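Asker: Could you have a look at this structure, given as structure tokens, before my questions?
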Amino acid sequence: MNPQDSIGGTSTKAMTTAQTHLRSHQCAFTARDLAEIVGAPLGVLLLLAALFHFAAAADWLPAPRPTLDMDRTLLIHQADSSRSAQDATVILIGDSSCLMDVSASDLTRHLGQPTLNLGLLSYLDLPSFGILVRNYAHANPERLETVVLLLHPESLRLQAPSAYHRAQLEDYLAGRDAHTAGGIGGRLQTALGAILVRGRLEARVIPAPLSGVYGRFYGFTRDFSRWLGAHRGSAIDPQRFDRTRAQGNAEYRLAPRLESESRLLRQCVPSGVRLVVGLTPAPRSFVRPDHEATCARILEQLAKWLKADAVLAGLPASMPDELFASVTHLTGEGQTLFTQRLAAEMQTAAIVRTPRPDWIPRAEHLMQE
Amino acid sequence: MLFNSGVFLQFFAAFLLLYYLVRNRLMARNGLIVLASYLFYGWWDYRFLSLLVFSSLLDYAVGRALDRCTHPGHRKLWLALSLATSLGLLGFFKYYNFFIDSAAVLLAQLGLSVEPRTLDIVLPVGISFYTFQTMSYTFDVYRRTMPATRDLLSFLAYVAFFPQLVAGPIERASRLLPQFTKTRVITRQRLIEGTWLMIWGMFKKVVVADNLAPLVEMVFDHPAPTGLMVILGTVAFTFQIYGDFSGYSDIARGLASVLGFDLMLNFNLPYTATSPRDFWRRWHISLSTWLRDYLYIALGGNRRGVWRTRFNLLATMLLGGLWHGAAWSFVLWGLWHGLGLVLTRPAQSHVPAPDRPRWRLLQWAATMLFVLYGWLLFRAGSLAHIVELTSALACWEWPTWGLSYLINLMAFSLPLALAEVWQARAGDLMTPARWLASMRALLQGILLLAIVVFWQKEAAPFIYFQF
């Protein structure tokens, strides 16, 4: 036998023959060992999960506040704003273009009326915006005078709102734990208490980083929330619009669902409070030649459905591309210009009354916070 | 297929069942391991399975030829054939575009304008790992430090063993191959250690590394980072890459352990190192020992004088850097560590290491600064970015989100750092595996809960998969 032809002193030929009769492996442990080694940690996991569920049911844990990403931080911030004592007589509601295209602080200065931006996301429906109006009116009785609904034509053609985002808002307002993620994994995570730990504990202690350019501009959920607080609920989109990367088309129309949703929103606006509606602009190179006429038609129909008290028909339907961060959002510079136009339009249409004598501007103070 | 994915959990559960069923047949076990490993690999891209099989068959055949052949010239030819093929495949898939681009840049500097013909090449996952593994086998057979195996099935299982196929540890044939030819005994202690390694490794990946990843991106993708941001980002990356890679290695070792196999230790508390040399004895041990045994020593090691030793160290580390990826930043990272080894070598040879804690602390701090800057080079991605990040270190402006960043950094790196300190003090990497069953179960249960809480629907890939 060639000594090199061996592993561990056995000839490989002989070994190969022997291998066919060799056992693969021997289990030198008992079922009890297995239960202890694998079962015990799983048992502890189940016990911990049960403890969390029990603690949540017994209200031993802090209330749910799942500020775990940008969307949920926004929803929670605006929901909290709508439910707290505020000075605003004018509130802005609408999709993310309302949030990003209007500076509530600037508008406050221009109008001489305290304004609060409660803009949300296009994934939500008009009744969701209405919930914020109702909450605001309830938390600030006799204060609210004007509700300005601003929407982008993109969100008006959405066939259905996002059930997930709607549930997130409703769950938060109801003090329930966040909407369960789908799939077996998501349900398992929920059963094992992951949503309780994340939404009630982690989110309160550890701010979550925002992704991409938003992360580089705002930082974390906690910083984004602070920004919103300091800017009367308005935000800035830090991106830059790139026409070559713009997706979709500019064939805007009203989704039929908006008719019934408009009625529900109108019901949320207290009597004596004016409801004003307007559209936010799109990039000039992106829209079709008849965009302005289309927007006018859409706005007229929407105002009818809403039974709006006034229509902001003089707002620009489009603006130069360089003022945009995306198809639906203006940049900070664009926001300043659009806010000026909005203020002028509201003053021209005599939508706002003269400045309240009892109101002291606190925008500067808020900016410094 | 990623360890931190639901599909892997299902795969491994099914595999364990089949593994139990074939317990009386060693050949069937090896066959099952080969098939499962190919499924595991092919899940990512089945086309590259052919590369893995080809590489395995070639080195098996070359090993057999080397074993039979006694003529030194012919043996060299067989070795050259194996190396040329292995390195050729690695070079083509991993370095073709890099060298073409670099050559074009160099020619442009010389005033010659050429249009580089780069190809749209997908890097086969794990190619650097299994290529080095098969190469070590061929080297060992060539050096006659081990005999060639006749058992093709065992050899295929050795190359493709799924726990360590795509990101190591890079196992030597002399260590792992014989394990496929023997009955493996799965003891109670092996199960305890295996489950501990899997849970701890998964915690390091899912909780530590995946939560630090966005922090790292926030800084390294920032168009105008400040010095403090760079420092925080580099510290975050230091823990991210360690959690990610050592987490993978721990899971691999744990999986192998419960199947009855032993994989080598790949990380031994690297951030407790007190010199660059010490660091490389603790970081990616399977690669550093591979480079030492098959490159550094082959170049002459320290046997040919001081300057040749320095050259050998630099060359070894430079190639080690290049192994990580086709970019000049990796080359620079390798050189940085090579320089560290060269510069600290005389100090370690002549100055007896004082046993004073303060001195050790100083050595540790200096080593950590050295390692940290190395990670900046590693993560930067390009030479221009390295310059940008380095020059940013002069500006110490505190970012507006600095506190949030710090909270995250502490929350996700501190558990790992404390565990390392604890393991270092205990002098035992497997401390919890020796605890009372109840205490161990409690700790594992808490770690499992953390894993469940941070488990992502879309599993984040391991950093070393790209290498």
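Labels for the structure tokens follow display order: chains A, B, ..., residues from 1 in each chain, ligands from 1.
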Kindly provide, as a PDB file with N, CA, C and O atoms, in the first residue's frame, the residues of chain B having any atom no farther than 8 Å from an atom of chain A, counting only C-alpha atoms.

Answerer:
```
ATOM      1  N   GLY B   6     -36.311  33.291   6.065  1.00  0.00           N
ATOM      2  CA  GLY B   6     -37.290  32.264   6.382  1.00  0.00           C
ATOM      3  C   GLY B   6     -37.077  31.010   5.554  1.00  0.00           C
ATOM      4  O   GLY B   6     -37.240  29.894   6.055  1.00  0.00           O
ATOM      5  N   VAL B  22     -30.925   9.389   7.260  1.00  0.00           N
ATOM      6  CA  VAL B  22     -29.784   8.692   6.623  1.00  0.00           C
ATOM      7  C   VAL B  22     -28.674   8.405   7.633  1.00  0.00           C
ATOM      8  O   VAL B  22     -27.535   8.156   7.243  1.00  0.00           O
ATOM      9  N   ARG B  23     -29.002   8.432   8.915  1.00  0.00           N
ATOM     10  CA  ARG B  23     -27.952   8.321   9.942  1.00  0.00           C
ATOM     11  C   ARG B  23     -27.168   7.023   9.864  1.00  0.00           C
ATOM     12  O   ARG B  23     -26.060   6.933  10.352  1.00  0.00           O
ATOM     13  N   ASN B  24     -27.749   5.986   9.226  1.00  0.00           N
ATOM     14  CA  ASN B  24     -27.047   4.703   9.169  1.00  0.00           C
ATOM     15  C   ASN B  24     -26.182   4.542   7.930  1.00  0.00           C
ATOM     16  O   ASN B  24     -25.577   3.510   7.734  1.00  0.00           O
ATOM     17  N   ARG B  25     -26.138   5.514   7.082  1.00  0.00           N
ATOM     18  CA  ARG B  25     -25.382   5.402   5.825  1.00  0.00           C
ATOM     19  C   ARG B  25     -24.497   6.618   5.621  1.00  0.00           C
ATOM     20  O   ARG B  25     -25.010   7.712   5.369  1.00  0.00           O
ATOM     21  N   LEU B  26     -23.206   6.412   5.724  1.00  0.00           N
ATOM     22  CA  LEU B  26     -22.279   7.536   5.572  1.00  0.00           C
ATOM     23  C   LEU B  26     -22.286   8.098   4.151  1.00  0.00           C
ATOM     24  O   LEU B  26     -22.294   9.315   3.938  1.00  0.00           O
ATOM     25  N   MET B  27     -22.310   7.184   3.186  1.00  0.00           N
ATOM     26  CA  MET B  27     -22.325   7.638   1.781  1.00  0.00           C
ATOM     27  C   MET B  27     -23.588   8.450   1.486  1.00  0.00           C
ATOM     28  O   MET B  27     -23.545   9.461   0.809  1.00  0.00           O
ATOM     29  N   ALA B  28     -24.692   7.952   2.031  1.00  0.00           N
ATOM     30  CA  ALA B  28     -25.960   8.667   1.811  1.00  0.00           C
ATOM     31  C   ALA B  28     -25.914  10.035   2.466  1.00  0.00           C
ATOM     32  O   ALA B  28     -26.423  11.018   1.922  1.00  0.00           O
ATOM     33  N   ARG B  29     -25.263  10.105   3.640  1.00  0.00           N
ATOM     34  CA  ARG B  29     -25.141  11.393   4.312  1.00  0.00           C
ATOM     35  C   ARG B  29     -24.355  12.366   3.437  1.00  0.00           C
ATOM     36  O   ARG B  29     -24.771  13.501   3.223  1.00  0.00           O
ATOM     37  N   ASP B  67      -0.976  12.953  -6.848  1.00  0.00           N
ATOM     38  CA  ASP B  67      -0.692  11.865  -5.933  1.00  0.00           C
ATOM     39  C   ASP B  67       0.056  10.727  -6.634  1.00  0.00           C
ATOM     40  O   ASP B  67       0.995  10.155  -6.101  1.00  0.00           O
ATOM     41  N   ARG B 144       2.692  17.240  -0.510  1.00  0.00           N
ATOM     42  CA  ARG B 144       2.575  15.917   0.118  1.00  0.00           C
ATOM     43  C   ARG B 144       2.393  16.031   1.637  1.00  0.00           C
ATOM     44  O   ARG B 144       2.839  15.173   2.409  1.00  0.00           O
ATOM     45  N   MET B 146      -0.608  16.099   2.688  1.00  0.00           N
ATOM     46  CA  MET B 146      -1.774  15.218   2.829  1.00  0.00           C
ATOM     47  C   MET B 146      -1.946  14.435   1.526  1.00  0.00           C
ATOM     48  O   MET B 146      -1.548  14.901   0.452  1.00  0.00           O
ATOM     49  N   PRO B 147      -2.527  13.249   1.625  1.00  0.00           N
ATOM     50  CA  PRO B 147      -2.739  12.471   0.399  1.00  0.00           C
ATOM     51  C   PRO B 147      -3.994  12.947  -0.318  1.00  0.00           C
ATOM     52  O   PRO B 147      -4.866  13.554   0.299  1.00  0.00           O
ATOM     53  N   ALA B 148      -4.021  12.642  -1.611  1.00  0.00           N
ATOM     54  CA  ALA B 148      -5.248  12.981  -2.361  1.00  0.00           C
ATOM     55  C   ALA B 148      -6.342  12.001  -1.962  1.00  0.00           C
ATOM     56  O   ALA B 148      -6.067  10.860  -1.615  1.00  0.00           O
ATOM     57  N   THR B 149      -7.534  12.458  -2.009  1.00  0.00           N
ATOM     58  CA  THR B 149      -8.638  11.554  -1.674  1.00  0.00           C
ATOM     59  C   THR B 149      -9.156  10.868  -2.934  1.00  0.00           C
ATOM     60  O   THR B 149      -9.132  11.448  -4.026  1.00  0.00           O
ATOM     61  N   ARG B 150      -9.597   9.632  -2.771  1.00  0.00           N
ATOM     62  CA  ARG B 150     -10.219   8.935  -3.904  1.00  0.00           C
ATOM     63  C   ARG B 150     -11.731   9.093  -3.839  1.00  0.00           C
ATOM     64  O   ARG B 150     -12.430   8.774  -4.787  1.00  0.00           O
ATOM     65  N   ASP B 151     -12.165   9.500  -2.693  1.00  0.00           N
ATOM     66  CA  ASP B 151     -13.606   9.558  -2.444  1.00  0.00           C
ATOM     67  C   ASP B 151     -14.185  10.869  -3.012  1.00  0.00           C
ATOM     68  O   ASP B 151     -14.139  11.912  -2.368  1.00  0.00           O
ATOM     69  N   PRO B 178     -11.293  14.779   6.158  1.00  0.00           N
ATOM     70  CA  PRO B 178     -11.410  13.499   6.895  1.00  0.00           C
ATOM     71  C   PRO B 178     -12.702  13.387   7.693  1.00  0.00           C
ATOM     72  O   PRO B 178     -13.158  12.280   7.971  1.00  0.00           O
ATOM     73  N   THR B 181     -15.338  11.353   6.074  1.00  0.00           N
ATOM     74  CA  THR B 181     -15.096   9.920   5.878  1.00  0.00           C
ATOM     75  C   THR B 181     -15.272   9.136   7.176  1.00  0.00           C
ATOM     76  O   THR B 181     -14.948   7.961   7.230  1.00  0.00           O
ATOM     77  N   LYS B 182     -15.712   9.819   8.210  1.00  0.00           N
ATOM     78  CA  LYS B 182     -15.869   9.135   9.500  1.00  0.00           C
ATOM     79  C   LYS B 182     -17.285   9.318  10.041  1.00  0.00           C
ATOM     80  O   LYS B 182     -17.959  10.289   9.692  1.00  0.00           O
ATOM     81  N   THR B 183     -17.642   8.405  10.910  1.00  0.00           N
ATOM     82  CA  THR B 183     -18.917   8.553  11.612  1.00  0.00           C
ATOM     83  C   THR B 183     -18.797   9.730  12.571  1.00  0.00           C
ATOM     84  O   THR B 183     -17.826   9.815  13.319  1.00  0.00           O
ATOM     85  N   ARG B 184     -19.733  10.651  12.500  1.00  0.00           N
ATOM     86  CA  ARG B 184     -19.681  11.818  13.390  1.00  0.00           C
ATOM     87  C   ARG B 184     -20.534  11.544  14.628  1.00  0.00           C
ATOM     88  O   ARG B 184     -21.645  11.009  14.499  1.00  0.00           O
ATOM     89  N   VAL B 185     -19.984  11.895  15.741  1.00  0.00           N
ATOM     90  CA  VAL B 185     -20.726  11.671  16.986  1.00  0.00           C
ATOM     91  C   VAL B 185     -21.300  13.009  17.450  1.00  0.00           C
ATOM     92  O   VAL B 185     -20.560  13.970  17.673  1.00  0.00           O
ATOM     93  N   ILE B 186     -22.614  13.059  17.531  1.00  0.00           N
ATOM     94  CA  ILE B 186     -23.271  14.312  17.957  1.00  0.00           C
ATOM     95  C   ILE B 186     -23.579  14.182  19.447  1.00  0.00           C
ATOM     96  O   ILE B 186     -24.511  13.482  19.840  1.00  0.00           O
ATOM     97  N   THR B 187     -22.760  14.846  20.219  1.00  0.00           N
ATOM     98  CA  THR B 187     -22.910  14.749  21.667  1.00  0.00           C
ATOM     99  C   THR B 187     -23.808  15.868  22.186  1.00  0.00           C
ATOM    100  O   THR B 187     -24.111  16.829  21.474  1.00  0.00           O
ATOM    101  N   ARG B 188     -24.150  15.747  23.451  1.00  0.00           N
ATOM    102  CA  ARG B 188     -24.952  16.769  24.117  1.00  0.00           C
ATOM    103  C   ARG B 188     -24.202  18.102  24.111  1.00  0.00           C
ATOM    104  O   ARG B 188     -24.768  19.148  23.780  1.00  0.00           O
ATOM    105  N   LEU B 191     -24.280  19.785  20.775  1.00  0.00           N
ATOM    106  CA  LEU B 191     -25.577  20.422  20.529  1.00  0.00           C
ATOM    107  C   LEU B 191     -25.691  21.748  21.280  1.00  0.00           C
ATOM    108  O   LEU B 191     -26.164  22.748  20.732  1.00  0.00           O
ATOM    109  N   ILE B 192     -25.207  21.744  22.520  1.00  0.00           N
ATOM    110  CA  ILE B 192     -25.267  22.968  23.329  1.00  0.00           C
ATOM    111  C   ILE B 192     -24.442  24.067  22.648  1.00  0.00           C
ATOM    112  O   ILE B 192     -24.903  25.201  22.463  1.00  0.00           O
ATOM    113  N   THR B 195     -26.047  25.204  19.200  1.00  0.00           N
ATOM    114  CA  THR B 195     -27.224  26.095  19.296  1.00  0.00           C
ATOM    115  C   THR B 195     -26.796  27.465  19.822  1.00  0.00           C
ATOM    116  O   THR B 195     -27.303  28.488  19.365  1.00  0.00           O
ATOM    117  N   PRO B 214     -27.751  51.034   8.350  1.00  0.00           N
ATOM    118  CA  PRO B 214     -28.227  52.358   7.901  1.00  0.00           C
ATOM    119  C   PRO B 214     -27.431  53.517   8.486  1.00  0.00           C
ATOM    120  O   PRO B 214     -27.304  54.559   7.843  1.00  0.00           O
ATOM    121  N   LEU B 215     -26.865  53.323   9.678  1.00  0.00           N
ATOM    122  CA  LEU B 215     -26.041  54.388  10.262  1.00  0.00           C
ATOM    123  C   LEU B 215     -24.775  54.578   9.433  1.00  0.00           C
ATOM    124  O   LEU B 215     -24.322  55.700   9.187  1.00  0.00           O
ATOM    125  N   MET B 218     -25.589  56.265   6.166  1.00  0.00           N
ATOM    126  CA  MET B 218     -25.899  57.676   6.371  1.00  0.00           C
ATOM    127  C   MET B 218     -24.641  58.543   6.290  1.00  0.00           C
ATOM    128  O   MET B 218     -24.654  59.638   5.739  1.00  0.00           O
ATOM    129  N   VAL B 219     -23.539  58.023   6.809  1.00  0.00           N
ATOM    130  CA  VAL B 219     -22.288  58.784   6.802  1.00  0.00           C
ATOM    131  C   VAL B 219     -21.516  58.573   5.502  1.00  0.00           C
ATOM    132  O   VAL B 219     -21.081  59.529   4.857  1.00  0.00           O
ATOM    133  N   HIS B 222     -22.973  60.274   2.563  1.00  0.00           N
ATOM    134  CA  HIS B 222     -23.254  61.700   2.750  1.00  0.00           C
ATOM    135  C   HIS B 222     -22.401  62.528   1.791  1.00  0.00           C
ATOM    136  O   HIS B 222     -21.209  62.274   1.651  1.00  0.00           O
ATOM    137  N   GLY B 260     -22.514  17.516  13.476  1.00  0.00           N
ATOM    138  CA  GLY B 260     -21.421  16.635  13.880  1.00  0.00           C
ATOM    139  C   GLY B 260     -20.070  17.029  13.318  1.00  0.00           C
ATOM    140  O   GLY B 260     -19.103  16.268  13.422  1.00  0.00           O
ATOM    141  N   THR B 400     -26.613  67.778  13.352  1.00  0.00           N
ATOM    142  CA  THR B 400     -27.857  68.055  14.094  1.00  0.00           C
ATOM    143  C   THR B 400     -28.450  66.764  14.658  1.00  0.00           C
ATOM    144  O   THR B 400     -29.106  66.783  15.686  1.00  0.00           O
ATOM    145  N   TRP B 401     -28.218  65.670  13.950  1.00  0.00           N
ATOM    146  CA  TRP B 401     -28.772  64.390  14.410  1.00  0.00           C
ATOM    147  C   TRP B 401     -27.744  63.568  15.175  1.00  0.00           C
ATOM    148  O   TRP B 401     -27.900  62.343  15.326  1.00  0.00           O
ATOM    149  N   SER B 404     -29.096  61.397  18.174  1.00  0.00           N
ATOM    150  CA  SER B 404     -29.852  60.211  17.732  1.00  0.00           C
ATOM    151  C   SER B 404     -28.889  59.139  17.224  1.00  0.00           C
ATOM    152  O   SER B 404     -29.091  57.940  17.474  1.00  0.00           O
ATOM    153  N   TYR B 405     -27.863  59.598  16.525  1.00  0.00           N
ATOM    154  CA  TYR B 405     -26.868  58.664  15.978  1.00  0.00           C
ATOM    155  C   TYR B 405     -26.160  57.939  17.111  1.00  0.00           C
ATOM    156  O   TYR B 405     -25.985  56.714  17.089  1.00  0.00           O
ATOM    157  N   ILE B 407     -27.175  57.475  20.157  1.00  0.00           N
ATOM    158  CA  ILE B 407     -28.078  56.554  20.868  1.00  0.00           C
ATOM    159  C   ILE B 407     -28.143  55.218  20.118  1.00  0.00           C
ATOM    160  O   ILE B 407     -28.030  54.149  20.707  1.00  0.00           O
ATOM    161  N   ASN B 408     -28.281  55.307  18.793  1.00  0.00           N
ATOM    162  CA  ASN B 408     -28.343  54.091  17.978  1.00  0.00           C
ATOM    163  C   ASN B 408     -27.045  53.301  18.064  1.00  0.00           C
ATOM    164  O   ASN B 408     -27.053  52.080  18.207  1.00  0.00           O
ATOM    165  N   ALA B 411     -26.811  51.677  21.397  1.00  0.00           N
ATOM    166  CA  ALA B 411     -27.822  50.627  21.594  1.00  0.00           C
ATOM    167  C   ALA B 411     -27.438  49.344  20.872  1.00  0.00           C
ATOM    168  O   ALA B 411     -27.670  48.245  21.388  1.00  0.00           O
ATOM    169  N   ALA B 437     -28.028  25.072  32.848  1.00  0.00           N
ATOM    170  CA  ALA B 437     -29.008  25.005  31.753  1.00  0.00           C
ATOM    171  C   ALA B 437     -30.056  26.112  31.846  1.00  0.00           C
ATOM    172  O   ALA B 437     -30.426  26.723  30.833  1.00  0.00           O
ATOM    173  N   SER B 438     -30.510  26.413  33.055  1.00  0.00           N
ATOM    174  CA  SER B 438     -31.569  27.416  33.205  1.00  0.00           C
ATOM    175  C   SER B 438     -31.076  28.811  32.836  1.00  0.00           C
ATOM    176  O   SER B 438     -31.763  29.570  32.150  1.00  0.00           O
ATOM    177  N   ARG B 440     -28.568  29.518  30.890  1.00  0.00           N
ATOM    178  CA  ARG B 440     -28.280  29.536  29.447  1.00  0.00           C
ATOM    179  C   ARG B 440     -29.584  29.709  28.653  1.00  0.00           C
ATOM    180  O   ARG B 440     -29.658  30.504  27.723  1.00  0.00           O
ATOM    181  N   ALA B 441     -30.606  28.979  29.093  1.00  0.00           N
ATOM    182  CA  ALA B 441     -31.896  29.063  28.398  1.00  0.00           C
ATOM    183  C   ALA B 441     -32.465  30.478  28.492  1.00  0.00           C
ATOM    184  O   ALA B 441     -33.027  30.995  27.524  1.00  0.00           O
ATOM    185  N   LEU B 442     -32.286  31.100  29.650  1.00  0.00           N
ATOM    186  CA  LEU B 442     -32.802  32.461  29.842  1.00  0.00           C
ATOM    187  C   LEU B 442     -32.100  33.435  28.888  1.00  0.00           C
ATOM    188  O   LEU B 442     -32.759  34.225  28.186  1.00  0.00           O
ATOM    189  N   LEU B 443     -30.779  33.348  28.846  1.00  0.00           N
ATOM    190  CA  LEU B 443     -30.018  34.233  27.959  1.00  0.00           C
ATOM    191  C   LEU B 443     -30.391  33.980  26.492  1.00  0.00           C
ATOM    192  O   LEU B 443     -30.634  34.918  25.725  1.00  0.00           O
ATOM    193  N   GLN B 444     -30.475  32.702  26.134  1.00  0.00           N
ATOM    194  CA  GLN B 444     -30.805  32.374  24.735  1.00  0.00           C
ATOM    195  C   GLN B 444     -32.222  32.836  24.390  1.00  0.00           C
ATOM    196  O   GLN B 444     -32.464  33.304  23.278  1.00  0.00           O
ATOM    197  N   GLY B 445     -33.132  32.709  25.333  1.00  0.00           N
ATOM    198  CA  GLY B 445     -34.511  33.155  25.116  1.00  0.00           C
ATOM    199  C   GLY B 445     -34.565  34.660  24.872  1.00  0.00           C
ATOM    200  O   GLY B 445     -35.284  35.129  23.980  1.00  0.00           O
ATOM    201  N   ILE B 446     -33.790  35.411  25.652  1.00  0.00           N
ATOM    202  CA  ILE B 446     -33.761  36.876  25.478  1.00  0.00           C
ATOM    203  C   ILE B 446     -33.153  37.230  24.112  1.00  0.00           C
ATOM    204  O   ILE B 446     -33.677  38.089  23.393  1.00  0.00           O
ATOM    205  N   LEU B 448     -33.154  35.340  21.494  1.00  0.00           N
ATOM    206  CA  LEU B 448     -34.133  34.943  20.466  1.00  0.00           C
ATOM    207  C   LEU B 448     -35.216  36.002  20.316  1.00  0.00           C
ATOM    208  O   LEU B 448     -35.623  36.323  19.193  1.00  0.00           O
ATOM    209  N   LEU B 449     -35.645  36.553  21.438  1.00  0.00           N
ATOM    210  CA  LEU B 449     -36.674  37.600  21.375  1.00  0.00           C
ATOM    211  C   LEU B 449     -36.144  38.810  20.596  1.00  0.00           C
ATOM    212  O   LEU B 449     -36.842  39.365  19.741  1.00  0.00           O
ATOM    213  N   VAL B 452     -36.183  37.978  16.959  1.00  0.00           N
ATOM    214  CA  VAL B 452     -37.565  38.029  16.423  1.00  0.00           C
ATOM    215  C   VAL B 452     -38.001  39.481  16.227  1.00  0.00           C
ATOM    216  O   VAL B 452     -38.577  39.837  15.191  1.00  0.00           O
ATOM    217  N   VAL B 453     -37.693  40.317  17.208  1.00  0.00           N
ATOM    218  CA  VAL B 453     -38.109  41.721  17.138  1.00  0.00           C
ATOM    219  C   VAL B 453     -37.480  42.414  15.929  1.00  0.00           C
ATOM    220  O   VAL B 453     -38.128  43.168  15.212  1.00  0.00           O
ATOM    221  N   PHE B 454     -36.198  42.154  15.681  1.00  0.00           N
ATOM    222  CA  PHE B 454     -35.499  42.872  14.606  1.00  0.00           C
ATOM    223  C   PHE B 454     -35.417  42.090  13.297  1.00  0.00           C
ATOM    224  O   PHE B 454     -34.772  42.538  12.360  1.00  0.00           O
ATOM    225  N   LYS B 457     -38.228  41.267   7.043  1.00  0.00           N
ATOM    226  CA  LYS B 457     -38.936  40.465   6.041  1.00  0.00           C
ATOM    227  C   LYS B 457     -38.012  40.186   4.854  1.00  0.00           C
ATOM    228  O   LYS B 457     -37.919  39.078   4.370  1.00  0.00           O
TER     229      LYS B 457
END
```

Asker: Closest to Phe93 in chain B among B:Phe48, B:Phe12, B:Trp375, B:Tyr137, using only C-alpha atoms?

Answerer: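 Counting only C-alpha atoms, the residue closest to Phe93 in chain B is B:Phe48.
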
Asker: When DSSP is applied to the backbone of this structure, which of range 206-330 of chain A are assigned helix (DSSP H, G or I)? Write them out as number ranges by chain.

Answerer: A: 212-218, 221-230, 243-245, 257-268, 291-306, 321-323

Asker: Leaving out Arg175 in chain B and any residue of its chain fewer than 4 positions from it, which residues lie within 12 Å of it when counting only C-alpha atoms, given as an mmCIF file with N, CA and C atoms, in the first residue's frame?

Answerer:
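Once everything was written out, this is result_19.cif:
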```
data_model
loop_
_atom_site.group_PDB
_atom_site.id
_atom_site.type_symbol
_atom_site.label_atom_id
_atom_site.label_comp_id
_atom_site.auth_asym_id
_atom_site.auth_seq_id
_atom_site.Cartn_x
_atom_site.Cartn_y
_atom_site.Cartn_z
ATOM 1 N N ILE A 7 -5.611 8.133 4.482
ATOM 2 C CA ILE A 7 -5.998 9.190 5.419
ATOM 3 C C ILE A 7 -6.178 8.498 6.758
ATOM 4 N N GLY A 8 -5.428 8.952 7.714
ATOM 5 C CA GLY A 8 -5.550 8.360 9.052
ATOM 6 C C GLY A 8 -5.102 6.910 9.081
ATOM 7 N N GLN B 133 -10.341 27.409 -0.951
ATOM 8 C CA GLN B 133 -10.450 26.123 -0.268
ATOM 9 C C GLN B 133 -9.913 25.000 -1.154
ATOM 10 N N SER B 136 -6.134 25.237 -1.529
ATOM 11 C CA SER B 136 -5.371 24.742 -0.379
ATOM 12 C C SER B 136 -5.212 23.225 -0.462
ATOM 13 N N TYR B 137 -6.258 22.571 -0.969
ATOM 14 C CA TYR B 137 -6.194 21.107 -1.128
ATOM 15 C C TYR B 137 -5.089 20.748 -2.126
ATOM 16 N N ASP B 140 -1.643 21.319 -0.694
ATOM 17 C CA ASP B 140 -1.282 20.328 0.318
ATOM 18 C C ASP B 140 -0.923 18.993 -0.326
ATOM 19 N N THR B 145 1.736 17.089 2.044
ATOM 20 C CA THR B 145 1.393 17.190 3.464
ATOM 21 C C THR B 145 0.090 16.451 3.745
ATOM 22 N N MET B 146 -0.608 16.099 2.688
ATOM 23 C CA MET B 146 -1.774 15.218 2.829
ATOM 24 C C MET B 146 -1.946 14.435 1.526
ATOM 25 N N TYR B 158 -16.866 18.328 0.819
ATOM 26 C CA TYR B 158 -15.884 19.219 1.459
ATOM 27 C C TYR B 158 -15.902 20.609 0.799
ATOM 28 N N PRO B 169 -15.830 29.749 7.302
ATOM 29 C CA PRO B 169 -14.369 29.775 7.273
ATOM 30 C C PRO B 169 -13.783 28.961 6.104
ATOM 31 N N ILE B 170 -12.641 29.447 5.594
ATOM 32 C CA ILE B 170 -11.964 28.755 4.495
ATOM 33 C C ILE B 170 -11.257 27.553 5.117
ATOM 34 N N GLU B 171 -11.875 26.401 4.964
ATOM 35 C CA GLU B 171 -11.366 25.216 5.650
ATOM 36 C C GLU B 171 -10.264 24.519 4.851
ATOM 37 N N GLN B 179 -13.300 14.503 8.029
ATOM 38 C CA GLN B 179 -14.546 14.450 8.809
ATOM 39 C C GLN B 179 -15.695 13.850 8.002
ATOM 40 N N PHE B 180 -15.570 13.940 6.661
ATOM 41 C CA PHE B 180 -16.626 13.371 5.814
ATOM 42 C C PHE B 180 -16.464 11.863 5.643
ATOM 43 N N THR B 181 -15.338 11.353 6.074
ATOM 44 C CA THR B 181 -15.096 9.920 5.878
ATOM 45 C C THR B 181 -15.272 9.136 7.176
ATOM 46 N N PHE B 261 -19.967 18.202 12.716
ATOM 47 C CA PHE B 261 -18.703 18.624 12.097
ATOM 48 C C PHE B 261 -18.073 19.779 12.879
ATOM 49 N N ASP B 262 -16.756 19.867 12.764
ATOM 50 C CA ASP B 262 -16.035 20.968 13.414
ATOM 51 C C ASP B 262 -15.479 21.897 12.346
ATOM 52 N N LEU B 263 -15.850 23.164 12.425
ATOM 53 C CA LEU B 263 -15.235 24.161 11.551
ATOM 54 C C LEU B 263 -14.297 25.001 12.401
ATOM 55 N N MET B 264 -13.281 25.551 11.755
ATOM 56 C CA MET B 264 -12.262 26.275 12.528
ATOM 57 C C MET B 264 -12.802 27.609 13.060
ATOM 58 N N SER B 286 -9.147 32.128 9.270
ATOM 59 C CA SER B 286 -8.998 31.145 8.183
ATOM 60 C C SER B 286 -8.341 31.768 6.959
#
```

Asker: Just how far from CA of Ser82 in chain A is CA of Gly130 in chain A, in Å to one decimal?

Answerer: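 These atoms are spaced 10.7 Å apart.
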